[in-house]
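Novice: Take this structure first; my questions come after.
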Amino acid sequence: MNESKTRRRLVVGNWKMNGNLATNAELLDGITAQWQGVDGVDAALCPPFVYLSQAAHALKNSVIELGAQSVNEHDAGAFTGEISGAMLDDLGCRYVIVGHNERRRLEGETEARVADKFHAALQAGLIPILCVGESEQERDAGQALETIGRQLGVVIERVGLQAFENAVVAYEPVWAVGTGKVASPEQAEEVHRFIRAELGKLGPQTQILYGGSVKPGNAEQLFALPDIDGALLGGASLNADDFVAICKAAG
Ligand code: PEP
């Protein structure tokens with residue numbers, strides 16, 4: 001059997017710092033109402049922390065899972081403003097995004113801290129979605145694979161390869177996130193194949209998502225690639241029609 005056929009497809013929506021109670025309710029209603037046509041794909045939504053309970057309630061009769069956008073690396077204690085893995089688990093989260101480029105770049109998360117967060121997520125029984133990806137300068141300098149290899153390597157060193165049995169990797173070229181630019185099929189497939197190889201014996205079974213300006217119009221072409229197992233969506237996850245259309249394309 002083709003290896004890619006043994007991996008389930010997964011589409012994850014990262015709402016980032018968007019929404020309010022009213023717009024979230026509309027979005028969640030829109031997604032759940034249209035869900036019946038979606039088949040053969042797992043899906044998760046990652047609202048801001050403060051709306052996790054709202055989303056958990058709206059998704060309670062749905063197969064759509066709940067995820068969070070970040071997690072603190074500590075179990076508990078004097079970390080004002082932070083959220084632990086146990087808290088996310090308590091609220092019903094299954095996934096947590098770790099190492100999103102906006103947190104690495106704008107919140108100063110180091111590679112070592114990303115690895116600690118990945119570890120904390122696993123300890124709490126959550127599935128970390130590890131984001132890796134090169135900047136435009138790194139790509140232009142021919143350093144894309146080197147950057148991604150290093151980002152991945154720091155996490156593998158911290159938790160061991162075997163830990164990827166319960167993890168997802170998302171390739172998100174920084175220059176494609178929120179910009180409308182999408183990696184070409186050749187660029188995306190090259191990186192996905194590289195990540196799979198870096199994961200050694202866990203490579204064939206690990207879900208590797210592509211993220212970066214995925215829309216209904218380009219999703220099918222990306223999902224047709226053998227090493228792309230789904231998508232991490234930003235902008236498109238804020239529109240029910242687009243989110244469901246992309247999930248359908250993945251199924
Ligand atoms: C993201 O933030 O992870 C992302 C992929 O955003 P967008 O789809 O808007 O590029």
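If you're wondering about the labels, chains in the structure tokens are A, B, ... by order shown, residues count from 1 in each chain, ligands from 1 in order shown.
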To check your reading of the model: which residues sit at most 10 Å from ligand 1 when counting only C-alpha atoms and all ligand atoms? Write the answer as a PyMOL selection string.

Specialist: chain A and resi 12-16+69+97+100-102+131+170-182+209-215+231-238

Novice: Once you have the residues from the selection above, write them out as a short mmCIF file (atom, residue, chain, number, x, y, z; two decimals), in the first residue's frame, restricted to C-alpha atoms.

Specialist:
```
data_model
loop_
_atom_site.label_atom_id
_atom_site.label_comp_id
_atom_site.auth_asym_id
_atom_site.auth_seq_id
_atom_site.Cartn_x
_atom_site.Cartn_y
_atom_site.Cartn_z
CA VAL A 12 -6.18 22.60 11.29
CA GLY A 13 -7.51 26.16 11.57
CA ASN A 14 -5.44 28.70 13.48
CA TRP A 15 -7.69 31.64 14.27
CA LYS A 16 -4.78 33.64 15.71
CA GLN A 69 -2.30 28.12 19.61
CA ILE A 97 0.43 24.49 17.88
CA HIS A 100 4.46 29.05 15.03
CA ASN A 101 6.68 31.58 13.26
CA GLU A 102 4.69 34.48 14.73
CA CYS A 131 5.74 24.47 12.93
CA ALA A 170 3.66 21.65 9.82
CA TYR A 171 5.90 23.09 7.13
CA GLU A 172 5.16 26.80 7.07
CA PRO A 173 7.51 28.89 4.95
CA VAL A 174 7.56 32.24 6.78
CA TRP A 175 7.32 34.11 3.47
CA ALA A 176 4.07 32.29 2.62
CA VAL A 177 2.20 32.76 5.92
CA GLY A 178 -0.44 35.45 5.61
CA THR A 179 1.14 36.87 2.45
CA GLY A 180 -0.91 35.29 -0.34
CA LYS A 181 2.29 33.67 -1.68
CA VAL A 182 2.18 29.88 -1.76
CA LEU A 209 0.93 19.54 7.00
CA TYR A 210 1.61 22.44 4.68
CA GLY A 211 0.75 25.96 5.85
CA GLY A 212 1.05 29.27 4.06
CA SER A 213 -1.81 30.98 2.20
CA VAL A 214 -3.74 27.77 1.52
CA LYS A 215 -7.12 28.65 -0.03
CA ALA A 231 -2.98 21.89 5.93
CA LEU A 232 -2.52 24.37 8.72
CA LEU A 233 -4.72 27.33 7.84
CA GLY A 234 -4.70 30.90 9.07
CA GLY A 235 -6.88 33.28 7.07
CA ALA A 236 -8.96 30.59 5.36
CA SER A 237 -10.03 29.17 8.72
CA LEU A 238 -11.90 32.38 9.54
#
```

Novice: Where in segment 24-240 of chain A does DSSP assign strand (DSSP E or B), given as a ChimeraX atom specification?

Specialist: /A:41-46,65-68,93-98,127-132,168-171,207-211,230-233

Novice: Step one, run DSSP on the backbone; step two, keep only residues of segment 149-210 of chain A assigned to alpha helix (DSSP H); then write them as JSON, numbers by chain.

Specialist: {"A": [149, 150, 151, 152, 153, 154, 155, 156, 157, 158, 159, 185, 186, 187, 188, 189, 190, 191, 192, 193, 194, 195, 196, 197, 198]}

Novice: I'd like to know which of A:Asp42, A:Glu82, A:Glu146, A:Glu111 is closest to Tyr95 of chain A, using only C-alpha atoms.

Specialist: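 For Tyr95 of chain A, the nearest of the candidates is A:Asp42.
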
Novice: What are the nearest atom pairs, with distances in Å to one decimal, for all residues of segment 183-245 of chain A that come at most 8 Å from segment 17-33 of chain A, using only C-alpha atoms, set out by chain and rising residue number as a tab-separated table?

Specialist:
```
residue	atom	partner	partner_atom	distance
A:Leu238	CA	A:Leu27	CA	7.1
A:Asn239	CA	A:Leu27	CA	6.8
A:Ala240	CA	A:Ile31	CA	5.0
A:Asp241	CA	A:Ile31	CA	7.3
A:Phe243	CA	A:Ile31	CA	7.4
A:Val244	CA	A:Ile31	CA	6.4
```

Novice: For a test of reading the model, state the distance in Å between atom CA of Arg193 of chain A and atom CA of Ala115 of chain A, rounded to one decimal.

Specialist: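 These two atoms are separated by 21.8 Å.
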
Novice: Between A:Ala219, A:Val159, A:Ala245, A:Ala43, which is the closest to Glu65 of chain A once you count only C-alpha atoms?

Specialist: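 Ranked by minimum distance to Glu65 of chain A, first place goes to A:Ala43.
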
Novice: Considering only C-alpha atoms, can you say which of A:Pro204, A:Gly81, A:Gly37, A:Pro128 comes closest to Ala68 of chain A?

Specialist: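 Using only C-alpha atoms, Ala68 of chain A sits closest to A:Pro128.
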
Novice: With distances taken over only C-alpha atoms, which residue among A:Ala56, A:Ala163, A:Val11, A:Ala76 lies nearest Ile127 of chain A?

Specialist: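 Using only C-alpha atoms, the shortest distance to Ile127 of chain A belongs to A:Ala163.
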
Novice: Skip Arg9 of chain A itself and residues of its chain fewer than 2 positions away, then list as number ranges by chain all residues within 8 Å of it, counting only C-alpha atoms.

Specialist: A: 7, 11, 40-42, 207, 229-230, 250-251

Novice: Generate a file of the selected residues that holds all heavy atoms, formatted as a tab-separated table (two decimals), in the first residue's frame.

Specialist:
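Output contents, as saved in result.tsv:
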```tsv
chain	number	residue	atom	x	y	z
A	7	ARG	N	-1.65	7.34	6.12
A	7	ARG	CA	-1.73	8.50	7.00
A	7	ARG	C	-3.05	9.21	6.78
A	7	ARG	O	-3.42	9.49	5.64
A	7	ARG	CB	-0.58	9.48	6.71
A	7	ARG	CG	0.80	8.92	6.97
A	7	ARG	CD	1.85	9.99	6.79
A	7	ARG	NE	1.90	10.53	5.44
A	7	ARG	CZ	2.67	10.03	4.46
A	7	ARG	NH1	3.46	9.01	4.68
A	7	ARG	NH2	2.65	10.58	3.28
A	11	VAL	N	-6.72	18.76	8.69
A	11	VAL	CA	-6.77	20.20	8.40
A	11	VAL	C	-7.00	20.93	9.72
A	11	VAL	O	-7.93	20.61	10.46
A	11	VAL	CB	-7.90	20.54	7.39
A	11	VAL	CG1	-7.97	22.06	7.17
A	11	VAL	CG2	-7.66	19.83	6.05
A	40	GLY	N	-13.40	11.43	5.46
A	40	GLY	CA	-12.03	10.93	5.38
A	40	GLY	C	-10.97	11.94	5.76
A	40	GLY	O	-9.82	11.82	5.33
A	41	VAL	N	-11.34	12.93	6.54
A	41	VAL	CA	-10.35	13.92	6.97
A	41	VAL	C	-10.60	14.29	8.44
A	41	VAL	O	-11.75	14.39	8.86
A	41	VAL	CB	-10.38	15.17	6.05
A	41	VAL	CG1	-11.73	15.81	5.99
A	41	VAL	CG2	-9.34	16.19	6.47
A	42	ASP	N	-9.53	14.42	9.19
A	42	ASP	CA	-9.65	14.91	10.56
A	42	ASP	C	-9.50	16.43	10.51
A	42	ASP	O	-8.81	16.96	9.63
A	42	ASP	CB	-8.55	14.31	11.45
A	42	ASP	CG	-8.71	12.80	11.59
A	42	ASP	OD1	-9.85	12.31	11.50
A	42	ASP	OD2	-7.69	12.11	11.77
A	207	GLN	N	2.19	12.68	10.25
A	207	GLN	CA	1.41	13.61	9.43
A	207	GLN	C	2.21	14.90	9.28
A	207	GLN	O	2.61	15.51	10.28
A	207	GLN	CB	0.07	13.93	10.11
A	207	GLN	CG	-0.93	12.79	10.06
A	207	GLN	CD	-2.15	13.09	10.91
A	207	GLN	OE1	-2.01	13.51	12.06
A	207	GLN	NE2	-3.33	12.86	10.37
A	229	ASP	N	0.06	15.90	3.90
A	229	ASP	CA	-1.03	15.16	4.54
A	229	ASP	C	-2.17	16.06	5.01
A	229	ASP	O	-3.04	15.60	5.76
A	229	ASP	CB	-0.48	14.39	5.75
A	229	ASP	CG	0.65	13.46	5.35
A	229	ASP	OD1	0.51	12.79	4.31
A	229	ASP	OD2	1.67	13.41	6.06
A	230	GLY	N	-2.13	17.32	4.62
A	230	GLY	CA	-3.19	18.23	5.05
A	230	GLY	C	-2.64	19.63	5.16
A	230	GLY	O	-1.58	19.93	4.62
A	250	ALA	N	-9.33	17.91	1.03
A	250	ALA	CA	-8.37	17.00	1.68
A	250	ALA	C	-8.92	15.58	1.81
A	250	ALA	O	-8.17	14.64	1.96
A	250	ALA	CB	-8.00	17.54	3.05
A	251	GLY	N	-10.23	15.46	1.79
A	251	GLY	CA	-10.86	14.16	2.07
A	251	GLY	C	-10.80	13.20	0.91
A	251	GLY	O	-10.33	13.52	-0.17
```

Novice: Pick the closest to Phe118 of chain A from A:Lys201, A:His192, A:Lys248, A:Arg158: which is it, counting only C-alpha atoms?

Specialist: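 Using only C-alpha atoms, Phe118 of chain A sits closest to A:Arg158.
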
Novice: Please identify all polymer residues within 7 Å of segment 216-218 of chain A, counting only C-alpha atoms, omitting same-chain residues fewer than 4 positions from it, and present them as a PyMOL selection string.

Specialist: chain A and resi 222+242+245-246

Novice: Have a look at atom CA of Ile208 of chain A and atom CA of Val168 of chain A and let me know their distance in Å, one decimal.

Specialist: 6.1 Å

Novice: Excluding same-chain residues fewer than 5 positions from Ile148 of chain A, what lies within 9 Å of it counting only C-alpha atoms, as a list in words?

Specialist: Val132, Gly133, Glu134, Gln143, Gly153, Tyr171, Val191, Phe194 and Ile195 of chain A

Novice: As an exercise, work out the distance from atom CA of Ile64 of chain A to atom CA of Leu91 of chain A in Å and give it to one decimal place.

Specialist: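 Distance between the two atoms: 14.5 Å.
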
Novice: Tell me which of A:Asn166, A:Gln54, A:Thr110, A:Gln221 sits closest to Gln205 of chain A, counting only C-alpha atoms.

Specialist: A:Asn166
